[in-house]
Amino acid sequence: MKVLIIGNGGREHALAWKVSKSKIVSDIYLARGNAGTSSFCKNIDIDATDIDSLLEFAIDKKIDLTIVGPEDSLCMGIVDKFKENGLKIFGPDKSCARFEKSKKFTKEFLEKYKIPTAKYKFFTCFDDAKESLKEFSYPLVIKADGLCLGKGVIICQNENEAISTLEDIFIKKIFKEEGSTVIIEEFLKGIEESLLCMVADNKLFPLETCKDHKQIYDGNKGPNTGGVGTYSPNNFSNKTKYNIEKILGKIEYGLSDSGFHYYGILFIGFMIDEDEPKVLEFNVRFGDPETETLMPRLKSDLISLIDKCLNKTLTREDIIWSDDYCLSLILVSDGYPSKYEKNKVISGIERVNNSLVFHNGTKIKDGYILSDGGRVLTICSKAKSLQEARKIAYDDCNRIYFENKYYRTDIGLN
Ligand code: AMP
Ligand code: GLY
C-alpha cells in the first residue's frame, strides 16, 4: 500500500514513523517532509497548499491513502478535490474545516448546541471593539478569527495591552484578512487538555489525553507558540471524564444536526477548572506536538484505524494504548515565536539513544542537517512514569547541539 502524508513538521514525521510500522505499507511519500523523514520516506517537492499538483502526484503514483497534516490544505478543500477524483483521504472536507478556519464559526456552533465555552463577543471594527472592553475584566483574550499560524490569540493583562492589540489587528492589519473579525473573550483559568478524536461521519472516537504547553517561557510565561512541550496521559478525575463525554455527545449531535459529514481528526482544546471542562477551540487536524507524543503510545496499527474510521466500522476498543507515559520536549530556534534564526548546523542527533527524535523544522544541505523553522526538533521519551520520561528527554536534549538552542525546562512539572 502507498501512503502520501501532506506536511513537513514534527507531526508529519511522527505520523510517517507510525505508518512505517504498518506491515501493509510499502511506500511512504511526504510532501514536502524534512531531513528526518528523508531517511525512511520519499520526500517530494510539492507544497502542502499546491492541491492540483498533489492530486496529480497521487493519481500518477496510484496512492492508496493520503493523510493530511496542516490546516491550510484542509481549509483549501484538498479532501473535496481528492474525493471527487475517487482517492481515499483522511481529513475533513472544506465545509467542516471551517471549524478551524473561523473561530467565530466555532463559537456560534458551541453556543447553538449549549457546549460550555468562554463568554465572548465578536467585532469587525476597531471602535466597537475598543468600546466593549469595559464589559470585560482582565486578563482578557483577543483572538483573530482566521488562520494565523498559532499566533492569533493574545492574552492581555490590562486595557493598554488590549487597545494596542486591537490596533495591531484592525489598524496595522498584522494578520491581514484573517484578522478582519476579532473575538474578545473571557479569560479562563485551569488545566489545558488537547483531546484529539478520530471522527467517522460525525461520531467521535477520543484518543488518549495529552497536555500541551503553549507559552514560550517556563511557568507558562511569554507569548503563545504552536506548542513547545507535551505529555500524555494527562490524568483527570472521573467527574471531568464524565463531563468531557457529555460534551463529546453534544458535539456529535451538533455535527449531525447541522448536516455535516465530518471525517478525520477533530482536535478539541479544553480548559478544565474544578472538573468543569470548557471548549477553547477546535482544530480540524492532528496537533503538533501532540501527535509526536501520542503516536509512540499508540499500540494499534494507525492505517487500520484510519481505514475503519473511513469505513465507519471503528470502535473505541480498536484504539489500544500503551500504559507508559510519553513526554516531548521541543528544541526551538532563538527568537521563536517572533522572527527566528535559521540555517544553524545541528549535531548530536546520533548520540540520542533513549528517545525518539522527530524533526519539526530541518533540512539537509551539503550533508549537514540545518535548522529550518521556529520549532526545530522534538525529543520524545517513553517510560513507566512521567518523572522518568521527563528525565530521559532532558538528558537526551543535552546531547543535541545547535547555536542558540532554546527549550523550556519545566515540561512535565505542572
Ligand atoms: P486557541 O488557538 O484558541 O486554542 O488559543 C491558543 C491558546 O491560548 C490556548 O491553548 C490557551 O492556552 C490560550 N487561550 C485561548 N483562549 C483562552 C481563554 N479564553 N482563556 C485562557 N486562555 C486561552
Ligand atoms: N499544539 C497545538 C496545535 O497543534 O494547535
# chains A, B, ... in the order shown; residues from 1 in each chain; ligands from 1

call {"tool": "select_by_dssp", "arguments": {"residues": "range 71-145 of chain A", "states": "strand (DSSP E or B)", "output": "PyMOL selection string"}}
result
chain A and resi 89-90+117+120-123+140-144

call {"tool": "closest_atom_pairs", "arguments": {"of": "chain A", "to": "ligand 2", "cutoff": "6 Å", "atoms": "only C-alpha atoms and all ligand atoms", "output": "JSON lines"}}
result
{"residue": "A:Gly226", "atom": "CA", "partner": "ligand 2", "partner_atom_place_in_ligand_line": "1 (N)", "distance": 5.1}
{"residue": "A:Gly227", "atom": "CA", "partner": "ligand 2", "partner_atom_place_in_ligand_line": "1 (N)", "distance": 4.4}
{"residue": "A:Gly287", "atom": "CA", "partner": "ligand 2", "partner_atom_place_in_ligand_line": "4 (O)", "distance": 3.3}
{"residue": "A:Asp288", "atom": "CA", "partner": "ligand 2", "partner_atom_place_in_ligand_line": "4 (O)", "distance": 4.0}
{"residue": "A:Pro289", "atom": "CA", "partner": "ligand 2", "partner_atom_place_in_ligand_line": "1 (N)", "distance": 5.3}
{"residue": "A:Glu290", "atom": "CA", "partner": "ligand 2", "partner_atom_place_in_ligand_line": "1 (N)", "distance": 6.0}

call {"tool": "residues_near_ligand", "arguments": {"ligand": "ligand 1", "cutoff": "8 Å", "atoms": "only C-alpha atoms and all ligand atoms", "output": "list in words"}}
result
Lys103, Thr117, Ala118, Lys119, Leu140, Val141, Lys143, Gly150, Lys151, Gly152, Val153, Ile154, Ile155, Glu185, Glu186, Phe187, Leu188, Lys189, Glu192, Asp212, His213, Lys214, Gln215, Asn224, Gly269, Met271, Leu280, Glu281 and Phe282 of chain A

call {"tool": "write_last_selection", "arguments": {"atoms": "C-alpha atoms", "output": "PDB file, in the first residue's frame"}}
result
ATOM      1  CA  LYS A 103     -13.162  30.931  15.396  1.00  0.00           C
ATOM      2  CA  THR A 117     -17.073  27.778  26.317  1.00  0.00           C
ATOM      3  CA  ALA A 118     -15.720  31.192  27.363  1.00  0.00           C
ATOM      4  CA  LYS A 119     -18.104  34.170  27.111  1.00  0.00           C
ATOM      5  CA  LEU A 140      -8.932  39.047  28.692  1.00  0.00           C
ATOM      6  CA  VAL A 141      -8.276  37.225  25.450  1.00  0.00           C
ATOM      7  CA  LYS A 143      -8.419  36.374  19.020  1.00  0.00           C
ATOM      8  CA  GLY A 150      -0.880  29.793  16.131  1.00  0.00           C
ATOM      9  CA  LYS A 151      -0.174  33.497  16.757  1.00  0.00           C
ATOM     10  CA  GLY A 152      -3.717  34.832  16.572  1.00  0.00           C
ATOM     11  CA  VAL A 153      -4.521  34.548  20.293  1.00  0.00           C
ATOM     12  CA  ILE A 154      -3.276  37.314  22.569  1.00  0.00           C
ATOM     13  CA  ILE A 155      -3.820  37.387  26.308  1.00  0.00           C
ATOM     14  CA  GLU A 185     -13.233  36.553  25.145  1.00  0.00           C
ATOM     15  CA  GLU A 186     -13.312  35.977  28.868  1.00  0.00           C
ATOM     16  CA  PHE A 187     -10.016  34.544  30.212  1.00  0.00           C
ATOM     17  CA  LEU A 188     -10.435  31.003  31.534  1.00  0.00           C
ATOM     18  CA  LYS A 189      -8.148  29.572  34.170  1.00  0.00           C
ATOM     19  CA  GLU A 192      -5.418  22.679  29.455  1.00  0.00           C
ATOM     20  CA  ASP A 212       0.404  20.863  25.611  1.00  0.00           C
ATOM     21  CA  HIS A 213       2.474  23.840  26.819  1.00  0.00           C
ATOM     22  CA  LYS A 214       1.761  26.853  24.653  1.00  0.00           C
ATOM     23  CA  GLN A 215       3.793  29.692  26.156  1.00  0.00           C
ATOM     24  CA  ASN A 224       1.903  31.765  22.791  1.00  0.00           C
ATOM     25  CA  GLY A 269      -8.800  22.245  23.114  1.00  0.00           C
ATOM     26  CA  MET A 271      -9.640  24.370  29.697  1.00  0.00           C
ATOM     27  CA  LEU A 280     -11.277  26.762  23.973  1.00  0.00           C
ATOM     28  CA  GLU A 281     -11.109  25.887  20.313  1.00  0.00           C
ATOM     29  CA  PHE A 282     -11.486  23.257  17.621  1.00  0.00           C
TER      30      PHE A 282
END

call {"tool": "residues_around", "arguments": {"residues": "range 123-133 of chain A", "least_positions_apart": "2", "cutoff": "8 Å", "atoms": "only C-alpha atoms", "output": "list of chain:residue names"}}
result
A:Lys121, A:Glu135, A:Phe136, A:Glu159, A:Ala162, A:Ile163, A:Leu166, A:Glu167, A:Phe170, A:Ile171, A:Ser180, A:Thr181, A:Val182, A:Ile183, A:Ile184

call {"tool": "residues_around", "arguments": {"residues": "range 300-314 of chain A", "least_positions_apart": "5", "cutoff": "6 Å", "atoms": "only C-alpha atoms", "output": "PyMOL selection string"}}
result
chain A and resi 200+319-320

call {"tool": "write_last_selection", "arguments": {"atoms": "N, CA, C and O atoms", "output": "PDB file, in the first residue's frame"}}
result
ATOM      1  N   ALA A 200     -15.683   9.565  12.566  1.00  0.00           N
ATOM      2  CA  ALA A 200     -16.236   8.749  11.479  1.00  0.00           C
ATOM      3  C   ALA A 200     -17.665   9.211  11.236  1.00  0.00           C
ATOM      4  O   ALA A 200     -18.564   8.862  11.998  1.00  0.00           O
ATOM      5  N   ILE A 319      -8.854   1.114  19.489  1.00  0.00           N
ATOM      6  CA  ILE A 319      -7.750   2.068  19.718  1.00  0.00           C
ATOM      7  C   ILE A 319      -7.045   1.685  21.029  1.00  0.00           C
ATOM      8  O   ILE A 319      -7.540   1.971  22.118  1.00  0.00           O
ATOM      9  N   ILE A 320      -5.914   0.999  20.888  1.00  0.00           N
ATOM     10  CA  ILE A 320      -5.246   0.428  22.075  1.00  0.00           C
ATOM     11  C   ILE A 320      -3.970   1.221  22.390  1.00  0.00           C
ATOM     12  O   ILE A 320      -3.186   1.535  21.488  1.00  0.00           O
TER      13      ILE A 320
END

call {"tool": "residues_around", "arguments": {"residues": "range 373-382 of chain A", "least_positions_apart": "3", "cutoff": "9 Å", "atoms": "only C-alpha atoms", "output": "ChimeraX atom specification"}}
result
/A:9-10,226-229,289,292-293,296-297,324-343,352,354-362,385-386,388-394,396-397

call {"tool": "residues_around", "arguments": {"residues": "Phe260 in chain A", "least_positions_apart": "2", "cutoff": "10 Å", "atoms": "only C-alpha atoms", "output": "list in words"}}
result
Pro92, Asp93, Ser95, Cys96, Asp201, Asn202, Glu252, Gly254, Leu255, Ser256, Asp257, Ser258, Tyr262 and Tyr263 of chain A

call {"tool": "write_last_selection", "arguments": {"atoms": "N, CA and C atoms", "output": "tab-separated table (two decimals), in the first residue's frame"}}
result
chain	number	residue	atom	x	y	z
A	92	PRO	N	-11.14	16.24	7.21
A	92	PRO	CA	-12.47	16.80	6.96
A	92	PRO	C	-12.52	17.58	5.65
A	93	ASP	N	-13.72	17.69	5.08
A	93	ASP	CA	-13.87	18.46	3.84
A	93	ASP	C	-13.83	19.96	4.17
A	95	SER	N	-16.01	22.27	4.07
A	95	SER	CA	-17.10	22.81	4.88
A	95	SER	C	-16.84	22.56	6.37
A	96	CYS	N	-16.36	21.36	6.72
A	96	CYS	CA	-16.06	21.05	8.14
A	96	CYS	C	-14.78	21.75	8.60
A	201	ASP	N	-17.85	10.03	10.22
A	201	ASP	CA	-19.16	10.58	9.90
A	201	ASP	C	-19.85	11.13	11.17
A	202	ASN	N	-19.19	12.07	11.81
A	202	ASN	CA	-19.68	12.81	13.00
A	202	ASN	C	-19.58	12.04	14.32
A	252	GLU	N	-21.24	15.60	18.78
A	252	GLU	CA	-21.74	14.64	17.78
A	252	GLU	C	-23.14	15.03	17.31
A	254	GLY	N	-24.52	18.00	17.46
A	254	GLY	CA	-24.45	19.26	16.72
A	254	GLY	C	-23.96	19.06	15.29
A	255	LEU	N	-22.96	18.20	15.13
A	255	LEU	CA	-22.43	17.96	13.78
A	255	LEU	C	-23.51	17.37	12.88
A	256	SER	N	-24.22	16.37	13.41
A	256	SER	CA	-25.26	15.72	12.61
A	256	SER	C	-26.43	16.66	12.35
A	257	ASP	N	-26.84	17.36	13.41
A	257	ASP	CA	-27.97	18.28	13.28
A	257	ASP	C	-27.67	19.38	12.27
A	258	SER	N	-26.39	19.75	12.15
A	258	SER	CA	-26.02	20.82	11.21
A	258	SER	C	-25.82	20.29	9.79
A	262	TYR	N	-18.58	14.78	8.99
A	262	TYR	CA	-17.21	15.04	9.42
A	262	TYR	C	-16.44	13.72	9.49
A	263	TYR	N	-15.31	13.70	8.78
A	263	TYR	CA	-14.35	12.58	8.87
A	263	TYR	C	-12.98	13.15	9.15

call {"tool": "closest_residue", "arguments": {"among": "A:Lys250, A:Lys211, A:Lys278, A:Arg11", "to": "Leu413 in chain A", "atoms": "only C-alpha atoms"}}
result
A:Lys211

call {"tool": "residues_around", "arguments": {"residues": "Asn234 in chain A", "least_positions_apart": "3", "cutoff": "8 Å", "atoms": "only C-alpha atoms", "output": "PDB file with all heavy atoms, in the first residue's frame"}}
result
ATOM      1  N   GLU A 193      -6.153  20.833  28.132  1.00  0.00           N
ATOM      2  CA  GLU A 193      -6.137  19.469  27.635  1.00  0.00           C
ATOM      3  C   GLU A 193      -6.355  19.516  26.132  1.00  0.00           C
ATOM      4  O   GLU A 193      -7.233  20.216  25.642  1.00  0.00           O
ATOM      5  CB  GLU A 193      -7.273  18.671  28.330  1.00  0.00           C
ATOM      6  CG  GLU A 193      -7.776  17.449  27.606  1.00  0.00           C
ATOM      7  CD  GLU A 193      -6.801  16.278  27.631  1.00  0.00           C
ATOM      8  OE1 GLU A 193      -5.718  16.392  28.223  1.00  0.00           O
ATOM      9  OE2 GLU A 193      -7.128  15.254  27.010  1.00  0.00           O
ATOM     10  N   THR A 209      -5.467  11.206  26.384  1.00  0.00           N
ATOM     11  CA  THR A 209      -5.348  12.596  26.818  1.00  0.00           C
ATOM     12  C   THR A 209      -3.907  13.087  26.643  1.00  0.00           C
ATOM     13  O   THR A 209      -2.962  12.301  26.679  1.00  0.00           O
ATOM     14  CB  THR A 209      -5.745  12.720  28.297  1.00  0.00           C
ATOM     15  OG1 THR A 209      -4.942  11.803  29.043  1.00  0.00           O
ATOM     16  CG2 THR A 209      -7.196  12.398  28.500  1.00  0.00           C
ATOM     17  N   CYS A 210      -3.767  14.386  26.453  1.00  0.00           N
ATOM     18  CA  CYS A 210      -2.441  14.954  26.191  1.00  0.00           C
ATOM     19  C   CYS A 210      -2.417  16.412  26.653  1.00  0.00           C
ATOM     20  O   CYS A 210      -3.379  17.141  26.425  1.00  0.00           O
ATOM     21  CB  CYS A 210      -2.195  14.888  24.678  1.00  0.00           C
ATOM     22  SG  CYS A 210      -0.529  15.243  24.202  1.00  0.00           S
ATOM     23  N   LYS A 211      -1.345  16.790  27.317  1.00  0.00           N
ATOM     24  CA  LYS A 211      -1.234  18.203  27.739  1.00  0.00           C
ATOM     25  C   LYS A 211      -0.151  18.906  26.940  1.00  0.00           C
ATOM     26  O   LYS A 211       0.969  18.428  26.859  1.00  0.00           O
ATOM     27  CB  LYS A 211      -0.925  18.287  29.228  1.00  0.00           C
ATOM     28  CG  LYS A 211      -0.651  19.707  29.656  1.00  0.00           C
ATOM     29  CD  LYS A 211      -0.845  19.934  31.124  1.00  0.00           C
ATOM     30  CE  LYS A 211      -0.329  21.303  31.554  1.00  0.00           C
ATOM     31  NZ  LYS A 211      -0.916  22.419  30.829  1.00  0.00           N
ATOM     32  N   TYR A 231       2.892  16.182  27.209  1.00  0.00           N
ATOM     33  CA  TYR A 231       2.995  14.839  27.781  1.00  0.00           C
ATOM     34  C   TYR A 231       1.637  14.157  27.759  1.00  0.00           C
ATOM     35  O   TYR A 231       0.589  14.811  27.656  1.00  0.00           O
ATOM     36  CB  TYR A 231       3.618  14.835  29.181  1.00  0.00           C
ATOM     37  CG  TYR A 231       2.853  15.590  30.246  1.00  0.00           C
ATOM     38  CD1 TYR A 231       1.714  15.070  30.841  1.00  0.00           C
ATOM     39  CD2 TYR A 231       3.296  16.830  30.668  1.00  0.00           C
ATOM     40  CE1 TYR A 231       1.030  15.765  31.815  1.00  0.00           C
ATOM     41  CE2 TYR A 231       2.619  17.538  31.647  1.00  0.00           C
ATOM     42  CZ  TYR A 231       1.494  17.002  32.212  1.00  0.00           C
ATOM     43  OH  TYR A 231       0.814  17.695  33.172  1.00  0.00           O
TER      44      TYR A 231
END
